[in-house]
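Text of input_9.txt, listed as compact mmCIF, C-alpha atoms:
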# COMPACT_ATOMS: atom_id res chain seq x y z
CA MET H 1 0.00 0.00 0.00
CA ILE H 2 1.17 3.49 -0.83
CA TYR H 3 -0.56 6.69 0.27
CA ILE H 4 0.53 10.03 -1.23
CA HIS H 5 -0.62 13.23 0.43
CA ILE H 6 -1.28 16.29 -1.73
CA PRO H 7 -1.79 19.10 0.81
CA PHE H 8 -3.11 21.80 -1.53
CA CYS H 9 -6.62 23.20 -1.94
CA HIS H 10 -8.10 26.10 -3.83
CA ARG H 11 -9.24 27.19 -0.38
CA LYS H 12 -9.70 25.50 2.97
CA CYS H 13 -13.16 24.12 3.75
CA THR H 14 -14.62 25.34 7.04
CA TYR H 15 -14.79 21.86 8.61
CA CYS H 16 -11.47 20.41 7.44
CA ALA H 17 -8.89 19.34 10.02
CA PHE H 18 -6.61 17.45 7.62
CA TYR H 19 -3.27 19.07 6.94
CA SER H 20 -3.72 21.17 3.81
CA MET H 21 -3.30 24.75 2.69
CA GLY H 22 -5.27 26.97 0.38
CA THR H 23 -2.86 28.29 -2.21
CA GLN H 24 -2.57 29.19 -5.89
CA ASP H 25 1.26 29.17 -5.76
CA GLU H 26 2.21 27.09 -8.79
CA ALA H 27 5.93 27.25 -8.00
CA LEU H 28 5.30 25.81 -4.54
CA ARG H 29 3.29 22.93 -6.01
CA LEU H 30 6.06 22.13 -8.49
CA SER H 31 8.68 22.16 -5.73
CA TYR H 32 6.45 19.88 -3.67
CA ILE H 33 6.21 17.35 -6.50
CA ASP H 34 10.03 17.44 -6.80
CA ALA H 35 10.31 16.67 -3.07
CA LEU H 36 7.73 13.88 -3.31
CA ILE H 37 9.73 12.24 -6.08
CA THR H 38 12.90 12.57 -4.03
CA GLU H 39 11.19 10.90 -1.06
CA MET H 40 10.04 8.05 -3.33
CA HIS H 41 13.63 7.39 -4.37
CA MET H 42 14.82 7.59 -0.76
CA ARG H 43 12.23 5.04 0.42
CA ARG H 44 11.91 2.77 -2.60
CA GLY H 45 13.00 -0.38 -0.75
CA GLU H 46 10.99 0.21 2.42
CA LEU H 47 7.78 -1.68 1.61
CA GLY H 48 9.52 -4.99 1.08
CA GLN H 49 6.94 -6.13 -1.46
CA PRO H 50 5.16 -4.67 -4.51
CA PRO H 51 2.25 -2.38 -3.59
CA ARG H 52 -1.26 -3.64 -4.29
CA THR H 53 -2.99 -0.28 -3.84
CA VAL H 54 -2.04 3.37 -4.38
CA TYR H 55 -4.09 6.29 -3.07
CA LEU H 56 -3.58 10.00 -3.80
CA GLY H 57 -5.46 11.99 -1.19
CA GLY H 58 -5.41 15.45 0.26
CA GLY H 59 -6.05 18.21 0.07
CA THR H 60 -7.02 18.17 -3.56
CA PRO H 61 -4.82 16.02 -5.82
CA SER H 62 -6.77 17.15 -8.90
CA MET H 63 -5.30 20.64 -8.33
CA LEU H 64 -2.00 19.31 -9.69
CA GLY H 65 -3.50 18.91 -13.15
CA VAL H 66 -2.75 16.06 -15.52
CA GLU H 67 0.92 17.01 -15.91
CA GLY H 68 1.56 17.07 -12.16
CA LEU H 69 -0.16 13.71 -11.74
CA ARG H 70 1.79 12.31 -14.69
CA ARG H 71 5.09 13.19 -13.01
CA ILE H 72 3.99 11.36 -9.86
CA VAL H 73 2.89 8.29 -11.82
CA VAL H 74 6.19 8.17 -13.74
CA ALA H 75 8.14 8.34 -10.47
CA LEU H 76 5.97 5.63 -8.88
CA ARG H 77 6.71 3.33 -11.78
CA GLU H 78 10.43 4.09 -11.54
CA CYS H 79 10.67 3.51 -7.79
CA PHE H 80 8.21 0.68 -7.19
CA ASP H 81 7.03 -2.44 -9.00
CA THR H 82 3.50 -1.25 -9.80
CA ARG H 83 2.58 -4.21 -12.00
CA MET H 84 0.60 -5.78 -9.15
CA VAL H 85 -1.41 -2.66 -8.27
CA GLU H 86 -5.08 -3.68 -8.16
CA GLU H 87 -6.54 -0.32 -7.21
CA ALA H 88 -5.15 3.18 -7.83
CA THR H 89 -7.35 5.98 -6.53
CA VAL H 90 -7.12 9.73 -7.02
CA GLU H 91 -9.29 12.22 -5.14
CA CYS H 92 -10.82 15.00 -7.22
CA ASN H 93 -13.04 17.97 -6.52
CA PRO H 94 -15.93 18.65 -8.93
CA GLU H 95 -14.64 22.09 -9.92
CA ASP H 96 -11.45 20.53 -11.32
CA ILE H 97 -13.24 17.95 -13.45
CA ASP H 98 -13.96 18.55 -17.11
CA ALA H 99 -13.72 16.40 -20.21
CA GLY H 100 -10.12 17.42 -20.90
CA PHE H 101 -8.90 16.67 -17.38
CA MET H 102 -10.62 13.28 -17.23
CA ALA H 103 -9.39 12.28 -20.68
CA GLY H 104 -5.86 13.22 -19.61
CA LEU H 105 -6.23 11.25 -16.38
CA ALA H 106 -7.40 8.19 -18.30
CA SER H 107 -4.48 8.53 -20.71
CA LEU H 108 -2.01 7.98 -17.86
CA GLY H 109 -3.13 4.36 -17.80
CA PHE H 110 -2.65 4.11 -14.05
CA PHE H 111 -5.68 5.30 -12.06
CA ASN H 112 -8.68 2.98 -12.14
CA ARG H 113 -10.70 4.59 -9.34
CA VAL H 114 -11.82 8.20 -8.87
CA SER H 115 -13.13 9.61 -5.59
CA ILE H 116 -15.17 12.82 -5.99
CA GLY H 117 -15.83 15.15 -3.06
CA VAL H 118 -19.52 15.99 -3.51
CA GLN H 119 -20.45 16.46 0.21
CA SER H 120 -23.87 17.99 -0.50
CA LEU H 121 -26.28 18.63 -3.39
CA ASN H 122 -27.61 21.82 -1.84
CA ASP H 123 -25.88 25.00 -3.03
CA ASP H 124 -26.55 26.90 0.21
CA THR H 125 -25.00 24.09 2.25
CA LEU H 126 -21.99 23.90 -0.06
CA ARG H 127 -21.34 27.63 0.40
CA LEU H 128 -21.68 27.28 4.18
CA LEU H 129 -19.12 24.46 4.17
CA GLY H 130 -16.69 26.54 2.12
CA ARG H 131 -16.94 24.29 -0.94
CA ARG H 132 -16.23 25.93 -4.31
CA HIS H 133 -18.46 23.79 -6.51
CA THR H 134 -22.21 23.78 -7.06
CA ALA H 135 -24.63 20.85 -7.01
CA ALA H 136 -24.83 21.02 -10.81
CA GLN H 137 -21.04 20.80 -11.08
CA ALA H 138 -21.03 17.76 -8.80
CA ALA H 139 -23.57 15.93 -10.96
CA ASP H 140 -21.67 16.92 -14.09
CA ALA H 141 -18.37 15.67 -12.62
CA VAL H 142 -19.79 12.17 -12.14
CA ARG H 143 -21.17 12.18 -15.69
CA VAL H 144 -17.88 13.36 -17.22
CA ALA H 145 -15.85 10.80 -15.24
CA THR H 146 -18.15 8.04 -16.46
CA GLN H 147 -17.90 9.20 -20.07
CA ALA H 148 -14.09 9.19 -19.76
CA GLY H 149 -14.24 5.46 -19.05
CA PHE H 150 -13.94 5.37 -15.25
CA SER H 151 -16.30 2.66 -14.05
CA ASN H 152 -15.17 2.65 -10.40
CA ILE H 153 -16.33 6.01 -9.05
CA SER H 154 -16.72 6.88 -5.37
CA VAL H 155 -18.49 9.98 -4.04
CA ASP H 156 -18.40 11.60 -0.60
CA PHE H 157 -21.55 12.86 1.13
CA MET H 158 -22.18 14.43 4.53
CA TYR H 159 -25.10 14.32 6.93
CA GLY H 160 -25.67 16.08 10.26
CA LEU H 161 -25.42 19.38 8.41
CA PRO H 162 -26.25 22.87 9.75
CA GLY H 163 -29.92 23.67 10.01
CA GLY H 164 -30.92 20.07 10.61
CA ARG H 165 -31.94 19.55 6.97
CA MET H 166 -32.19 15.93 5.83
CA GLU H 167 -30.00 15.79 2.71
CA LEU H 168 -29.86 12.49 0.85
CA PRO H 169 -27.98 11.56 -2.34
CA ASP H 170 -29.70 11.94 -5.68
CA PRO H 171 -30.80 8.54 -7.08
CA ALA H 172 -29.56 9.45 -10.57
CA MET H 173 -26.07 10.13 -9.20
CA LEU H 174 -26.10 6.95 -7.13
CA TYR H 175 -26.96 4.93 -10.22
CA ALA H 176 -23.66 5.97 -11.80
CA VAL H 177 -21.34 5.26 -8.85
CA LYS H 178 -19.99 2.13 -7.17
CA HIS H 179 -19.01 3.46 -3.77
CA VAL H 180 -20.23 6.08 -1.30
CA SER H 181 -18.44 7.48 1.74
CA ALA H 182 -21.03 9.10 4.00
CA TYR H 183 -19.73 11.06 6.98
CA ALA H 184 -21.37 12.91 9.83
CA LEU H 185 -20.16 16.51 9.92
CA THR H 186 -18.03 16.86 13.03
CA VAL H 187 -16.61 19.95 14.66
CA GLU H 188 -12.84 19.62 14.78
CA PRO H 189 -10.74 21.94 16.98
CA ARG H 190 -9.03 24.91 15.34
CA THR H 191 -11.25 24.89 12.25
CA ALA H 192 -13.37 27.74 10.94
CA LEU H 193 -16.47 25.67 11.68
CA ALA H 194 -15.45 25.35 15.33
CA VAL H 195 -15.27 29.15 15.58
CA GLN H 196 -18.66 29.54 13.87
CA VAL H 197 -20.30 27.03 16.22
CA GLU H 198 -18.73 28.66 19.28
CA ARG H 199 -20.03 32.07 18.17
CA GLY H 200 -23.48 30.66 17.45
CA THR H 201 -23.46 31.67 13.78
CA VAL H 202 -23.78 28.01 12.79
CA ILE H 203 -26.19 25.65 14.59
CA LEU H 204 -25.63 21.93 14.21
CA PRO H 205 -28.28 19.25 14.86
CA SER H 206 -28.37 17.31 18.13
CA ASP H 207 -26.85 13.85 18.47
CA ASP H 208 -30.35 12.34 18.29
CA GLU H 209 -31.07 14.20 15.05
CA VAL H 210 -27.73 13.05 13.61
CA ALA H 211 -28.60 9.45 14.51
CA VAL H 212 -31.92 9.78 12.65
CA GLN H 213 -30.09 11.15 9.61
CA TYR H 214 -27.53 8.33 9.79
CA HIS H 215 -30.27 5.72 9.62
CA ALA H 216 -32.00 7.62 6.79
CA MET H 217 -28.74 7.79 4.82
CA ARG H 218 -28.11 4.10 5.46
CA GLN H 219 -31.62 3.16 4.27
CA CYS H 220 -31.36 5.38 1.19
CA LEU H 221 -28.10 3.70 0.16
CA LYS H 222 -29.43 0.22 0.94
CA ASP H 223 -32.48 0.89 -1.26
CA ALA H 224 -30.09 1.97 -4.04
CA GLY H 225 -28.18 -1.32 -3.85
CA PHE H 226 -25.28 -0.38 -1.59
CA GLU H 227 -23.97 -2.54 1.26
CA GLN H 228 -22.51 -0.97 4.39
CA TYR H 229 -19.12 -2.47 5.16
CA GLU H 230 -17.73 0.18 7.52
CA VAL H 231 -19.21 2.98 9.64
CA SER H 232 -18.93 5.55 6.85
CA ASN H 233 -18.49 3.40 3.74
CA PHE H 234 -20.98 1.72 1.40
CA CYS H 235 -20.41 -0.10 -1.87
CA ARG H 236 -22.01 -2.12 -4.60
CA ASN H 237 -21.08 -5.79 -4.57
CA GLY H 238 -17.35 -6.22 -5.23
CA PHE H 239 -16.47 -2.53 -5.01
CA GLN H 240 -15.14 -2.09 -1.48
CA SER H 241 -12.21 0.31 -1.28
CA LEU H 242 -9.31 -2.15 -1.22
CA HIS H 243 -6.95 0.52 0.06
CA ASN H 244 -9.06 1.67 3.00
CA SER H 245 -10.07 -1.90 3.88
CA ARG H 246 -6.41 -2.77 4.35
CA TYR H 247 -5.95 0.11 6.81
CA TRP H 248 -8.65 -1.51 8.95
CA THR H 249 -6.78 -4.82 8.99
CA ARG H 250 -3.49 -3.06 9.91
CA THR H 251 -1.71 -3.87 6.66
CA PRO H 252 1.69 -2.12 6.45
CA TYR H 253 1.76 0.93 4.20
CA LEU H 254 4.07 3.66 3.00
CA GLY H 255 2.96 7.28 3.39
CA LEU H 256 4.64 9.90 1.19
CA GLY H 257 4.41 13.67 1.42
CA ALA H 258 3.93 16.29 4.11
CA ALA H 259 1.92 14.99 7.10
CA ALA H 260 1.70 11.48 5.59
CA HIS H 261 1.79 8.52 7.99
CA SER H 262 3.48 5.15 7.46
CA PHE H 263 3.04 1.82 9.26
CA SER H 264 5.46 -1.11 9.22
CA GLY H 265 3.58 -3.53 11.48
CA ASP H 266 5.26 -2.57 14.75
CA LYS H 267 6.21 1.04 14.08
CA ARG H 268 4.35 4.20 13.05
CA ARG H 269 6.04 7.12 11.35
CA TRP H 270 4.72 10.54 10.37
CA ASN H 271 6.21 13.20 8.15
CA VAL H 272 6.45 16.84 9.17
CA SER H 273 3.16 18.74 8.77
CA ASN H 274 4.57 21.77 6.99
CA VAL H 275 4.95 21.96 3.21
CA LYS H 276 7.91 24.32 3.09
CA ARG H 277 9.76 22.53 5.85
CA TYR H 278 9.05 19.17 4.19
CA ILE H 279 10.43 20.43 0.87
CA ASP H 280 13.52 21.90 2.53
CA CYS H 281 14.29 18.84 4.65
CA VAL H 282 13.77 16.28 1.89
CA SER H 283 15.71 18.31 -0.65
CA ASN H 284 18.65 18.63 1.73
CA ARG H 285 18.45 15.03 3.04
CA MET H 286 17.65 16.28 6.54
CA PRO H 287 15.32 14.45 9.00
CA PHE H 288 11.71 15.11 8.04
CA TYR H 289 9.77 12.63 10.18
CA GLU H 290 9.18 11.23 13.66
CA GLU H 291 8.33 7.67 14.62
CA GLU H 292 7.20 5.49 17.52
CA LEU H 293 7.49 1.80 18.33
CA LEU H 294 4.11 0.26 19.18
CA THR H 295 3.62 -1.89 22.26
CA ASP H 296 1.45 -5.02 22.27
CA ASN H 297 -1.28 -3.01 23.99
CA ASP H 298 -1.03 -0.27 21.34
CA ALA H 299 -1.44 -2.89 18.62
CA PHE H 300 -4.50 -4.42 20.28
CA ASN H 301 -6.10 -1.04 20.86
CA GLU H 302 -5.64 -0.19 17.18
CA THR H 303 -7.18 -3.54 16.23
CA LEU H 304 -10.19 -2.76 18.44
CA MET H 305 -10.60 0.74 17.06
CA THR H 306 -10.52 -0.32 13.41
CA ALA H 307 -12.32 -3.69 13.62
CA LEU H 308 -15.33 -2.35 15.50
CA ARG H 309 -15.86 0.23 12.75
CA THR H 310 -16.39 -2.55 10.19
CA ALA H 311 -19.43 -4.72 9.56
CA ARG H 312 -17.21 -7.80 9.89
CA GLY H 313 -16.17 -6.80 13.39
CA LEU H 314 -13.52 -8.04 15.80
CA PRO H 315 -12.29 -11.64 15.41
CA ALA H 316 -12.51 -13.36 18.79
CA ASP H 317 -9.15 -15.04 18.17
CA ALA H 318 -7.51 -11.61 17.79
CA ILE H 319 -8.10 -10.90 21.49
CA PRO H 320 -4.95 -11.66 23.51
CA TYR H 321 -5.55 -14.36 26.11
CA LYS H 322 -4.79 -12.03 29.03
CA HIS H 323 -7.56 -9.62 27.92
CA ARG H 324 -10.25 -12.12 26.91
CA ALA H 325 -12.14 -12.22 30.20
CA MET H 326 -12.45 -8.42 30.28
CA VAL H 327 -13.41 -8.13 26.59
CA ASN H 328 -15.92 -10.99 26.71
CA LYS H 329 -17.60 -9.53 29.80
CA LYS H 330 -18.03 -6.11 28.21
CA MET H 331 -19.08 -7.60 24.88
CA ALA H 332 -21.87 -9.44 26.71
CA SER H 333 -23.36 -6.11 27.75
CA TYR H 334 -23.15 -4.79 24.18
CA ILE H 335 -24.85 -7.95 22.90
CA ALA H 336 -27.62 -7.48 25.46
CA CYS H 337 -28.34 -3.92 24.31
CA GLY H 338 -28.30 -4.85 20.61
CA TRP H 339 -25.05 -3.19 19.57
CA ILE H 340 -23.07 -6.38 18.93
CA THR H 341 -23.88 -9.78 17.48
CA VAL H 342 -21.68 -12.89 17.42
CA ASN H 343 -21.22 -13.97 13.83
CA GLY H 344 -18.74 -16.56 12.52
CA GLY H 345 -16.30 -16.11 15.37
CA HIS H 346 -16.51 -12.31 15.19
CA TYR H 347 -17.99 -9.68 17.47
CA SER H 348 -19.85 -7.75 14.75
CA PRO H 349 -21.51 -4.35 15.27
CA THR H 350 -25.18 -4.02 14.34
CA ALA H 351 -26.39 -0.98 12.39
CA GLU H 352 -27.05 0.73 15.73
CA GLY H 353 -23.75 -0.51 17.13
CA LEU H 354 -21.79 1.11 14.31
CA LEU H 355 -23.04 4.46 15.62
CA HIS H 356 -21.28 3.68 18.91
CA ALA H 357 -18.17 1.98 17.49
CA ASP H 358 -15.68 4.55 18.76
CA GLY H 359 -17.20 4.58 22.23
CA MET H 360 -17.17 0.79 22.48
CA ALA H 361 -13.54 0.66 21.36
CA ALA H 362 -12.52 3.29 23.91
CA ASP H 363 -14.30 1.32 26.64
CA LEU H 364 -12.35 -1.81 25.67
CA PHE H 365 -8.92 -0.19 25.34
CA VAL H 366 -6.16 -1.75 27.43
Show this structure as C-alpha cells.
Amino acid sequence: MIYIHIPFCHRKCTYCAFYSMGTQDEALRLSYIDALITEMHMRRGELGQPPRTVYLGGGTPSMLGVEGLRRIVVALRECFDTRMVEEATVECNPEDIDAGFMAGLASLGFFNRVSIGVQSLNDDTLRLLGRRHTAAQAADAVRVATQAGFSNISVDFMYGLPGGRMELPDPAMLYAVKHVSAYALTVEPRTALAVQVERGTVILPSDDEVAVQYHAMRQCLKDAGFEQYEVSNFCRNGFQSLHNSRYWTRTPYLGLGAAAHSFSGDKRRWNVSNVKRYIDCVSNRMPFYEEELLTDNDAFNETLMTALRTARGLPADAIPYKHRAMVNKKMASYIACGWITVNGGHYSPTAEGLLHADGMAADLFV
C-alpha cells in the first residue's frame, strides 16, 4: 500500500482538520512534486513487497492537473514495482473535473478509481461548508468521469449538516457510482467551523437528530443497492475500497508527502506537517519525520478501534488471552443492548452498534 498526500486546496473548507493549505502558488506545487519524487527514491525499498494499492489523497490532488499527476505516476513506476497494483485511486473535486482533465487522467493508464468530493447537493450548504463547486457541477463531474471510461467512481456525502436539513444523495447520481463514503459533519478543533459554532453563527443538529439522519442515509443507500461495510463506507457488490479496507486490517503501508503517515507492522512514522519545511528537509536530506514503536497493547487497541468500525467486526481469536475475560464480559453487555452480534467467530456491530463503534472501542482499550 502506498498513500501520497497532496496538501493543496483552492481554499480551505470550514470543517477540514486534515493538513492542507489553500494556495494558488504554482511554483510551490512544483517544488512539492520534486520533493515527493525525491522521497520516493529515498524510500523505494521500504515496503519490502510490490504495492497492491495506491491512493492519492489530500487536500485536492486534482489541483495538480494532468501534468503534475503524470510526473507522480512516472516516479511511482520508476521507484516501485506497480505491475501488481489492483486499485489506484485519485481524489478530485468537482470544480477541477472537465472532459479534458478526465481524458488526460485516463491517458495515464494508471488510475482505475476516482473519488469525488460531492459532500452535498444543496448550493446553500456547499457555500456554508466553504466548498467551491455547485450541485450542478457535482452531478456533471460524475457524468464526465463516467464518459471518460472510469467505471469505479466513489463519491463523498455528509449528513448532520447545519440547520438540521435531511439531505440524501440523488438517485440518478447513485446509479452511476460504485461506492459512497457518508460522513457525519463533526466539529474539529481549530477549524473555521469550530469558531462559527462557538459564536453561534452556525447551529448543528443534536446527536439524536444526527442518529436519525444516519439511519435515513443508510436506508437510502441500501435501497439503491449499496452494502454498508464500515461505519462511513458503502459499496455495490465487489467494489469495497481495497486501500481503506487494508488500513482496517493493519496492513503495512508507505505514506509519502507532508503529514503522511506510514506503518510497518510494529512502528508508526509521520512526516512533518509543513509543506515548506518538508520540501527543505527532503531536498537537503535532513530528518523530516518522527516515529514510535508500538507496544502489544497499542497494537490491540488499534485492532479494536478499526475492527469495531467494520461490519465484519472483531475476530474473537484476535483478542490476547490475558484480555479475553475483560473483553468478553463487556461484549456481553453490548450484545444485550443490541449493539453487537456474534457472527462466525466475530464480534460484529449491528447498524445501531456502528453508531457507537468509537465509544465501544474506547471502553475496551487496554
Using all atoms listed in the file: which of H:Ile335, H:Ala357, H:Val275, H:Leu254 has the shortest distance to H:Thr310:
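Ranked by minimum distance to H:Thr310, first place goes to H:Ala357.
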Could you give me, as CSV, a per-residue list for stretch 164-262 of chain H showing, wherever an atom lies at most 10 Å from an atom of stretch 292-303 of chain H, the closest pair of atoms and their distance in Å to one decimal, using only C-alpha atoms and sorting by chain then residue number from low to high?
residue,atom,partner,partner_atom,distance
H:Trp248,CA,H:Thr303,CA,7.7
H:Thr249,CA,H:Thr303,CA,7.4
H:Arg250,CA,H:Thr303,CA,7.3
Using all atoms listed in the file - which residues lie no farther than 9 Å from the point (-19.2, -3.0, -5.4) in the file's frame? Write them as a tab-separated table (two decimals) with C-alpha atoms, in the coordinates of the input.
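Final output, point_36.tsv:
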chain	number	residue	atom	x	y	z
H	152	ASN	CA	-15.17	2.65	-10.40
H	178	LYS	CA	-19.99	2.13	-7.17
H	179	HIS	CA	-19.01	3.46	-3.77
H	226	PHE	CA	-25.28	-0.38	-1.59
H	227	GLU	CA	-23.97	-2.54	1.26
H	234	PHE	CA	-20.98	1.72	1.40
H	235	CYS	CA	-20.41	-0.10	-1.87
H	236	ARG	CA	-22.01	-2.12	-4.60
H	237	ASN	CA	-21.08	-5.79	-4.57
H	238	GLY	CA	-17.35	-6.22	-5.23
H	239	PHE	CA	-16.47	-2.53	-5.01
H	240	GLN	CA	-15.14	-2.09	-1.48
H	241	SER	CA	-12.21	0.31	-1.28
Please report the interatomic distance between atom CA of H:Phe18 and atom CA of H:Ala138 in Å with one decimal.
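Here the two named atoms are 21.9 Å from each other.
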One number please: atom CA of H:Tyr3 to atom CA of H:Leu56, in Å, one decimal.
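Between these atoms lies a distance of 6.1 Å.
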So which residues touch H:Phe263 within 12 Å, counting only C-alpha atoms, skipping near sequence neighbours fewer than 2 positions away, as a ChimeraX atom specification?
/H:1-3,46-47,246-247,249-256,260-261,265-271,291-294,299,302
Here is a test: counting all atoms listed in the file, which residue of H:Arg285, H:Arg71, H:His323, H:His243 is nearest to H:Ile33?
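Ranking H:Arg285, H:Arg71, H:His323, H:His243 by distance to H:Ile33, first place goes to H:Arg71.
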So, with all atoms listed in the file as the atoms that count, which of H:Glu39, H:Thr14, H:Asp207, H:Thr82 lies closest to H:Pro287?
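Of H:Glu39, H:Thr14, H:Asp207, H:Thr82, the one nearest H:Pro287 is H:Glu39, counting all atoms listed in the file.
Among the candidates H:Gln24, H:Leu36, H:Cys13, H:Gly45, the residue lying nearest to H:Ile279 is H:Leu36 (atoms considered: only C-alpha atoms).
Residue nearest H:Phe365, chosen from H:Pro315, H:Leu308, H:Ala332, H:Val197 and counting all atoms listed in the file: H:Leu308.
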Hey, what's within 12 Å of H:Phe80 if we count only C-alpha atoms and toss same-chain stuff fewer than 3 positions away? As a compact mmCIF listing (two decimals) with C-alpha atoms, in the frame of the given file, please?
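So part22.txt came out as:
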# COMPACT_ATOMS: atom_id res chain seq x y z
CA MET H 1 0.00 0.00 0.00
CA ILE H 2 1.17 3.49 -0.83
CA ILE H 37 9.73 12.24 -6.08
CA MET H 40 10.04 8.05 -3.33
CA HIS H 41 13.63 7.39 -4.37
CA MET H 42 14.82 7.59 -0.76
CA ARG H 43 12.23 5.04 0.42
CA ARG H 44 11.91 2.77 -2.60
CA GLY H 45 13.00 -0.38 -0.75
CA GLU H 46 10.99 0.21 2.42
CA LEU H 47 7.78 -1.68 1.61
CA GLY H 48 9.52 -4.99 1.08
CA GLN H 49 6.94 -6.13 -1.46
CA PRO H 50 5.16 -4.67 -4.51
CA PRO H 51 2.25 -2.38 -3.59
CA ARG H 52 -1.26 -3.64 -4.29
CA THR H 53 -2.99 -0.28 -3.84
CA VAL H 54 -2.04 3.37 -4.38
CA ILE H 72 3.99 11.36 -9.86
CA VAL H 73 2.89 8.29 -11.82
CA VAL H 74 6.19 8.17 -13.74
CA ALA H 75 8.14 8.34 -10.47
CA LEU H 76 5.97 5.63 -8.88
CA ARG H 77 6.71 3.33 -11.78
CA ARG H 83 2.58 -4.21 -12.00
CA MET H 84 0.60 -5.78 -9.15
CA VAL H 85 -1.41 -2.66 -8.27
CA LEU H 254 4.07 3.66 3.00
Applying 8 Å and all atoms listed in the file, which residues near H:Ala224 remain after dropping the ones on its own chain fewer than 2 positions away? List them as a count of residues only.
7
Using all atoms listed in the file, what table do you get, as CSV, when you list each residue of stretch 116-187 of chain H with an atom no more than 8 Å from stretch 98-105 of chain H, its nearest pair of atoms, and their distance in Å rounded to one decimal, rows by chain then rising number?
residue,atom,partner,partner_atom,distance
H:Ala141,CA,H:Asp98,CA,6.9
H:Val144,CA,H:Ala99,CA,6.0
H:Ala145,CA,H:Met102,CA,6.1
H:Ala148,CA,H:Ala103,CA,5.7
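Between H:Ala336 and the residues H:Glu67, H:Gly353, H:Tyr321, H:Met305, the shortest atom-to-atom distance, using only C-alpha atoms, involves H:Gly353.
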Determine the axis-aligned bounding box of all atoms of stretch 43-50 of chain H present in the file, pad each side by 8 Å, and express its centre and edge lengths in Å to one decimal place as JSON.
{"center_x": 9.1, "center_y": -0.5, "center_z": -1.0, "size_x": 23.8, "size_y": 27.2, "size_z": 22.9}
Report, in Å with one decimal, the straight-line distance from atom CA of H:Ala106 to atom CA of H:Met173.
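For atom CA of H:Ala106 relative to atom CA of H:Met173, the distance reads 20.9 Å.
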Can you tell me which residues surround H:Asp124 at a distance of at most 12 Å, considering only C-alpha atoms, apart from same-chain residues fewer than 3 positions away, and format the answer as a count of residues only?
16
So that I can see what lies close to H:Tyr19, please list as a list in words the residues with an atom at most 7 Å from it, counting only C-alpha atoms and leaving out residues fewer than 4 positions away in the same chain.
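That gives Pro7, Ala259 and Ser273 of chain H.
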